[in-house]
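**Student:** Quick one: this structure, given as structure tokens, is what I'll be asking you about.
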Amino acid sequence: MQWLIEPFALPFMARALGVLLALAVVAGLVGVLVNLRGLEFISDGLTHAVFPGIAIGFVWGGRDGLFLGAVITAIAAAAVLTLITRSGVASDAAIAIVLTGFFSVGVLVVSRQSDYAGQLDALLFGRLLTVTDADLWRTVAVCAVAVVAVLATLPGQVFRAFDRRGSEAAGFRPLALDLTLNVAIALVVVAASSAVGNLLVLAVLIVPGAVARLVTLRLGALFPVAAVAAALAAWLGLAIGFGASVGGDVALPAGSTVVVTLVALYAVVLVVRLVVDRVRRTA
Amino acid sequence: MLTGSVEAPVLSLRDAAFSYGGSPAIAGVTIDVHAGEAVALIGPNGSGKSTLLKGVLGLIPATAGRFEAFGVPRGAGAPHAEAAARASRRSIGYLPQSDELDPEFPVTLAQVAMMGRYRSLGWMRWPGRADREAVRDALEAVGLSHRAKARFGSLSGGQQQRGLLARALASAPRLLLLDEPFNGLDQANRDALVQTLRTLKRRGVAVLVSTHDLELAREVCDTVLLLNGRQVACGRTEDVLTLPNVQAAFAESGVEIDEHTLVVPGHHEDH
């Protein structure tokens with residue numbers, strides 16, 4: 001069992017785990033709400049929309065500017081997206097067009113850089129193992145803001161997820177709730193982009209919530225179950241990636257290994273769920 | 001115990017109209033509703049019953065006439081009508097027409113009823129003892145205490161309807177708006193709902209209920225408001241609910257009428 005613990009004595013592995021554990025907590029909270037509200041598509045859109053922010057921030061300010069640029073774009077994108085979906089004019093197609101447009105602008109910006117391929121690689125696929133202490137604390141801070149925003153509005157969010165019209169009739173403000181949740185999603189995208197990369201952010205947001213839905217029917221249990229699933233996948237994935245590159249001499253990208261582990265966890269839970277349901281039905 | 005005539009009415013409308021924009025969906029409504037009084041809204045489909053309820057709730061704007069709820073003016077041109085409407089929703093319980101709610105949503109009946117308390121929770125506060133007691137009372141009032149821990153989606157349609165009524169009751173409303181709550185209910189659920197309404201009236205809750213069930217109007221409602229795009233008649237149930245009046249309200253709507261029920265074409269009465 002040592003391969004599960006020993007690697008994290010190394011500072012860079014401990015930092016990577018720290019980033020992923022912070023993400024696991026927000027994935028538990030925000031991810032479950034994304035699942036309950038069925039906001040997977042908007043979340044996908046936000047991951048694209050945040051990309052030019054990351055790119056422009058990086059070009060202007062290097063690694064330090066990256067976070068600020070990303071946060072500003074994320075909040076702006078969340079606001080625009082909230083208004084587009086609220087107006088009811090825009091179809092899914094319109095959202096998709098606007099956001100892939102954002103994404104190509106990001107690629108264009110990055111392409112002006114000298115080390116184009118290397119930087120695009122880092123933005124798209126993350127650099128989990130070269131995370132600095134400053135990166136770690138910035139991630140924790142951004143995650144904390146997202147958690148507080150969602151916790152402050154949690155009753156309204158749950159009510160709206162269950163019964164949209166009922167929550168409005170009870171006096172909740174739909175715009176305020178949607179804006180808060182979309183900004184929180186956008187902040188998670190920013191926090192997760194530097195870890196697992198912009199392309200795989202969606203997995204962090206969506207898979208833990210989906211795992212939790214398979215495991216429990218109890219509302220209060222969904223949030224901790226999702227967080228534990230994400231944390232477990234982070235730990236296993238990092239350990240597997242480390243073991244493969246040190247023991248097996250196969251260099252696996254850490255972020256992708258974690259996401260594959262998370263998806264594998266989902267597959268295992270899904271199979272168990274199907275088997276349990278079948279046994280119960282025949283019993 | 002006729003104190004109603006002395007107290008200020010909970011809801012007061014004078015020639016009021018409500019509109020989605022364009023011509024009013026319901027106009028010319030004049031009525032005072034007092035604490036402990038139940039009013040039946042009766043009229044054909046599209047006669048403005050739901051619109052009137054949504055108007056009182058503030059989801060649809062008042063475009064003409066006078067409109068006061070809990071003594072606060074909210075009619076056309078009233079200052080801060082939007083904010084006043086949202087504030088008033090804390091004192092209003094609303095049961096919409098049976099809605100498509102996700103049967104897979106992971107909530108228990110008690111958690112749904114607790115949603116009625118969410119609006120009055122403070123910032124970053126969790127439900128406390130008073131909230132749990134209110135939920136327990138609300139579930140008891142609709143006769144579903146024994147199902148509190150059941151998953152909402154596993155309840156029958158009638159029980160879900162009563163569960164949503166419990167959610168409306170949990171907020172301790174002074175005014176209850178029910179939009180065709182008896183649609184698709186079997187006899188047992190219907191009787192339970194009638195009992196609940198009687199209890200609420202005794203506790204001083206004012207009730208506005210839209211229904212096609214004339215028998216129900218006679219059983220629990222003091223006042224009947226007949227609608228057909230505008231107010232046709234309004235008054236004590238026994239005075240208003242006469243065959244000629246009902247025929248006038250339902251003229252041209254292709255409804256078969258006898259003394260007790262309305263048979264509305266295309267209106268599902270399944271269970």
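Each chain in the structure tokens gets a letter, A, B and so on, in the order shown; residues start at 1 in every chain, and ligands are counted from 1 in the order they appear.
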Could you work out which residues of chain A fall inside 8 Å of chain B? Count only C-alpha atoms, and format the result as a PyMOL selection string.
**Tutor:** chain A and resi 36+151-153+155-156+159+162-163+166+169-172+217-219
**Student:** Write the residues of the preceding selection, restricted to all heavy atoms, as a tab-separated table (two decimals), in the first residue's frame.
**Tutor:**
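Below you can see selection_0.tsv, which holds the result:
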```tsv
chain	number	residue	atom	x	y	z
A	36	LEU	N	-28.21	18.77	-10.29
A	36	LEU	CA	-29.64	18.90	-9.96
A	36	LEU	C	-30.34	19.89	-10.88
A	36	LEU	O	-31.52	19.73	-11.21
A	36	LEU	CB	-29.80	19.35	-8.50
A	36	LEU	CG	-29.39	18.34	-7.43
A	36	LEU	CD1	-29.54	18.95	-6.04
A	36	LEU	CD2	-30.20	17.06	-7.53
A	151	LEU	N	-23.04	28.45	-0.71
A	151	LEU	CA	-23.61	28.17	0.61
A	151	LEU	C	-24.61	29.25	1.01
A	151	LEU	O	-25.66	28.96	1.58
A	151	LEU	CB	-22.50	28.08	1.66
A	151	LEU	CG	-21.83	26.72	1.86
A	151	LEU	CD1	-20.84	26.79	3.01
A	151	LEU	CD2	-22.86	25.63	2.10
A	152	ALA	N	-24.27	30.50	0.70
A	152	ALA	CA	-25.14	31.61	1.10
A	152	ALA	C	-26.49	31.52	0.43
A	152	ALA	O	-27.49	32.00	0.95
A	152	ALA	CB	-24.47	32.94	0.76
A	153	THR	N	-26.55	30.91	-0.76
A	153	THR	CA	-27.81	30.86	-1.50
A	153	THR	C	-28.35	29.43	-1.61
A	153	THR	O	-29.27	29.16	-2.38
A	153	THR	CB	-27.63	31.41	-2.93
A	153	THR	OG1	-26.59	30.68	-3.58
A	153	THR	CG2	-27.26	32.87	-2.91
A	155	PRO	N	-30.32	27.22	0.09
A	155	PRO	CA	-31.75	26.88	0.14
A	155	PRO	C	-32.48	27.30	-1.13
A	155	PRO	O	-33.22	26.51	-1.72
A	155	PRO	CB	-32.26	27.66	1.36
A	155	PRO	CG	-31.07	27.83	2.22
A	155	PRO	CD	-29.91	28.01	1.27
A	156	GLY	N	-32.23	28.53	-1.58
A	156	GLY	CA	-32.86	29.02	-2.80
A	156	GLY	C	-32.45	28.20	-4.02
A	156	GLY	O	-33.27	27.91	-4.88
A	159	PHE	N	-34.29	24.86	-3.88
A	159	PHE	CA	-35.70	25.11	-4.18
A	159	PHE	C	-35.87	25.31	-5.69
A	159	PHE	O	-36.73	24.69	-6.34
A	159	PHE	CB	-36.18	26.35	-3.42
A	159	PHE	CG	-37.69	26.48	-3.29
A	159	PHE	CD1	-38.23	27.28	-2.29
A	159	PHE	CD2	-38.55	25.82	-4.14
A	159	PHE	CE1	-39.60	27.41	-2.16
A	159	PHE	CE2	-39.92	25.94	-4.02
A	159	PHE	CZ	-40.45	26.75	-3.03
A	162	PHE	N	-35.47	22.16	-7.74
A	162	PHE	CA	-36.60	21.24	-7.61
A	162	PHE	C	-37.84	21.78	-8.32
A	162	PHE	O	-38.53	21.06	-9.03
A	162	PHE	CB	-36.91	21.01	-6.14
A	162	PHE	CG	-38.17	20.20	-5.90
A	162	PHE	CD1	-38.27	18.89	-6.30
A	162	PHE	CD2	-39.26	20.78	-5.26
A	162	PHE	CE1	-39.42	18.16	-6.09
A	162	PHE	CE2	-40.41	20.05	-5.03
A	162	PHE	CZ	-40.49	18.73	-5.45
A	163	ASP	N	-38.11	23.07	-8.15
A	163	ASP	CA	-39.37	23.65	-8.62
A	163	ASP	C	-39.13	25.12	-8.97
A	163	ASP	O	-39.26	26.00	-8.14
A	163	ASP	CB	-40.42	23.51	-7.50
A	163	ASP	CG	-41.78	24.03	-7.92
A	163	ASP	OD1	-41.92	24.54	-9.05
A	163	ASP	OD2	-42.72	23.91	-7.11
A	166	GLY	N	-42.19	27.39	-8.55
A	166	GLY	CA	-42.54	27.47	-7.13
A	166	GLY	C	-41.61	28.40	-6.36
A	166	GLY	O	-42.05	29.15	-5.50
A	169	ALA	N	-42.55	31.92	-7.09
A	169	ALA	CA	-43.79	32.26	-6.41
A	169	ALA	C	-43.56	32.48	-4.92
A	169	ALA	O	-44.28	33.24	-4.28
A	169	ALA	CB	-44.83	31.16	-6.62
A	170	ALA	N	-42.53	31.82	-4.37
A	170	ALA	CA	-42.22	31.99	-2.95
A	170	ALA	C	-41.44	33.27	-2.71
A	170	ALA	O	-41.21	33.65	-1.56
A	170	ALA	CB	-41.43	30.78	-2.44
A	171	GLY	N	-41.02	33.94	-3.77
A	171	GLY	CA	-40.36	35.23	-3.61
A	171	GLY	C	-38.85	35.21	-3.82
A	171	GLY	O	-38.18	36.21	-3.57
A	172	PHE	N	-38.30	34.07	-4.28
A	172	PHE	CA	-36.87	34.06	-4.58
A	172	PHE	C	-36.62	34.76	-5.90
A	172	PHE	O	-37.44	34.70	-6.82
A	172	PHE	CB	-36.34	32.62	-4.66
A	172	PHE	CG	-36.16	31.98	-3.32
A	172	PHE	CD1	-37.10	31.10	-2.82
A	172	PHE	CD2	-35.05	32.28	-2.55
A	172	PHE	CE1	-36.94	30.52	-1.58
A	172	PHE	CE2	-34.88	31.70	-1.31
A	172	PHE	CZ	-35.82	30.82	-0.81
A	217	LEU	N	-29.93	8.63	-2.60
A	217	LEU	CA	-31.15	9.36	-2.95
A	217	LEU	C	-31.40	10.45	-1.92
A	217	LEU	O	-32.42	11.14	-1.99
A	217	LEU	CB	-32.35	8.41	-2.98
A	217	LEU	CG	-32.34	7.39	-4.12
A	217	LEU	CD1	-33.47	6.39	-3.94
A	217	LEU	CD2	-32.50	8.10	-5.46
A	218	ARG	N	-30.49	10.58	-0.94
A	218	ARG	CA	-30.71	11.57	0.11
A	218	ARG	C	-30.01	12.88	-0.24
A	218	ARG	O	-28.81	12.91	-0.50
A	218	ARG	CB	-30.21	11.03	1.44
A	218	ARG	CG	-31.14	9.94	2.00
A	218	ARG	CD	-30.58	9.37	3.28
A	218	ARG	NE	-30.14	10.42	4.20
A	218	ARG	CZ	-29.02	10.36	4.89
A	218	ARG	NH1	-28.23	9.33	4.77
A	218	ARG	NH2	-28.70	11.34	5.70
A	219	LEU	N	-30.81	13.95	-0.23
A	219	LEU	CA	-30.29	15.25	-0.63
A	219	LEU	C	-29.06	15.65	0.19
A	219	LEU	O	-28.04	16.06	-0.35
A	219	LEU	CB	-31.40	16.30	-0.47
A	219	LEU	CG	-31.06	17.71	-0.88
A	219	LEU	CD1	-30.78	17.79	-2.37
A	219	LEU	CD2	-32.21	18.67	-0.53
```
**Student:** If we count only C-alpha atoms and set the cut-off at 12 Å, which residues sit around stretch 253-255 of chain A, ignoring sequence neighbours fewer than 2 positions away in its own chain? Please answer as number ranges by chain.
**Tutor:** A: 12-13, 16-17, 19-20, 121-131, 192-201, 203-204, 233-245, 250-251, 257-262
**Student:** With only C-alpha atoms as the basis for distance, which of B:Ser47, B:Ser145, B:Ser156, B:Gln97 is at the shortest distance from B:Leu178?
**Tutor:**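 That would be B:Gln97, the residue with the smallest distance to B:Leu178.
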**Student:** For a quick check of understanding, using only C-alpha atoms, which of A:Leu202, A:Leu222, A:Val183, A:Ala49 has the smallest distance to A:Ile97?
**Tutor:** A:Ala49
**Student:** Would you mind reading off the distance between atom CA of B:Leu165 and atom CA of B:Ala38, one decimal, in Å?
**Tutor:**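 According to the coordinates, atom CA of B:Leu165 and atom CA of B:Ala38 are separated by 15.6 Å.
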**Student:** Counting only C-alpha atoms, what is within 10 Å of stretch 161-163 of chain B, bar same-chain residues fewer than 4 positions away, as a count of residues only?
**Tutor:** 34
**Student:** Taking the DSSP secondary structure from the backbone, can you list the residues of stretch 34-260 of chain B that are helix (DSSP H, G or I), as an MDAnalysis selection string?
**Tutor:** chainID B and resid 49:57 81:91 109:118 129:141 145:147 152:154 157:170 187:202 214:220 237:240 243:249
**Student:** For atom CA of B:Ala172 and atom CA of B:Thr199, determine how far apart the two atoms are, in Å to one decimal place.
**Tutor:**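 Computing the Euclidean distance for atom CA of B:Ala172 and atom CA of B:Thr199 yields 13.2 Å.
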**Student:** Please provide as a VMD selection string all residues within 6 Å of B:Thr63, with the sequence filter that same-chain residues fewer than 4 positions apart are discarded (counting only C-alpha atoms).
**Tutor:** chain B and resid 17 to 18 76
**Student:** At a cut-off of 9 Å, using only C-alpha atoms, what residues contact B:Ala248? Leave out same-chain residues fewer than 5 positions from it and give the result as a PDB file with N, CA, C and O atoms, in the first residue's frame.
**Tutor:**
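So result22.pdb came out as:
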```pdb
ATOM      1  N   ASN B 228     -65.315  35.302 -16.549  1.00  0.00           N
ATOM      2  CA  ASN B 228     -65.228  34.913 -17.950  1.00  0.00           C
ATOM      3  C   ASN B 228     -64.500  36.034 -18.690  1.00  0.00           C
ATOM      4  O   ASN B 228     -65.090  36.805 -19.431  1.00  0.00           O
ATOM      5  N   VAL B 232     -68.152  38.212 -13.804  1.00  0.00           N
ATOM      6  CA  VAL B 232     -69.545  38.039 -14.205  1.00  0.00           C
ATOM      7  C   VAL B 232     -70.458  38.276 -13.008  1.00  0.00           C
ATOM      8  O   VAL B 232     -71.489  38.929 -13.108  1.00  0.00           O
ATOM      9  N   LEU B 243     -78.053  28.448 -11.460  1.00  0.00           N
ATOM     10  CA  LEU B 243     -77.901  27.921 -12.809  1.00  0.00           C
ATOM     11  C   LEU B 243     -77.795  29.028 -13.868  1.00  0.00           C
ATOM     12  O   LEU B 243     -76.894  28.982 -14.717  1.00  0.00           O
TER      13      LEU B 243
END
```
**Student:** Write out as a VMD selection string each polymer residue whose atoms come within 9 Å of stretch 209-216 of chain B, counting only C-alpha atoms; drop sequence neighbours fewer than 2 positions from it.
**Tutor:** chain B and resid 38 to 44 49 to 50 53 176 to 183 194 207 218 to 221 241 259 to 264
**Student:** Write down as a ChimeraX atom specification the residues of stretch 48-241 of chain B whose backbone DSSP state falls under strand (DSSP E or B).
**Tutor:** /B:62-69,72-73,92-95,108,151,175-179,206-210,213,223-227,230-236
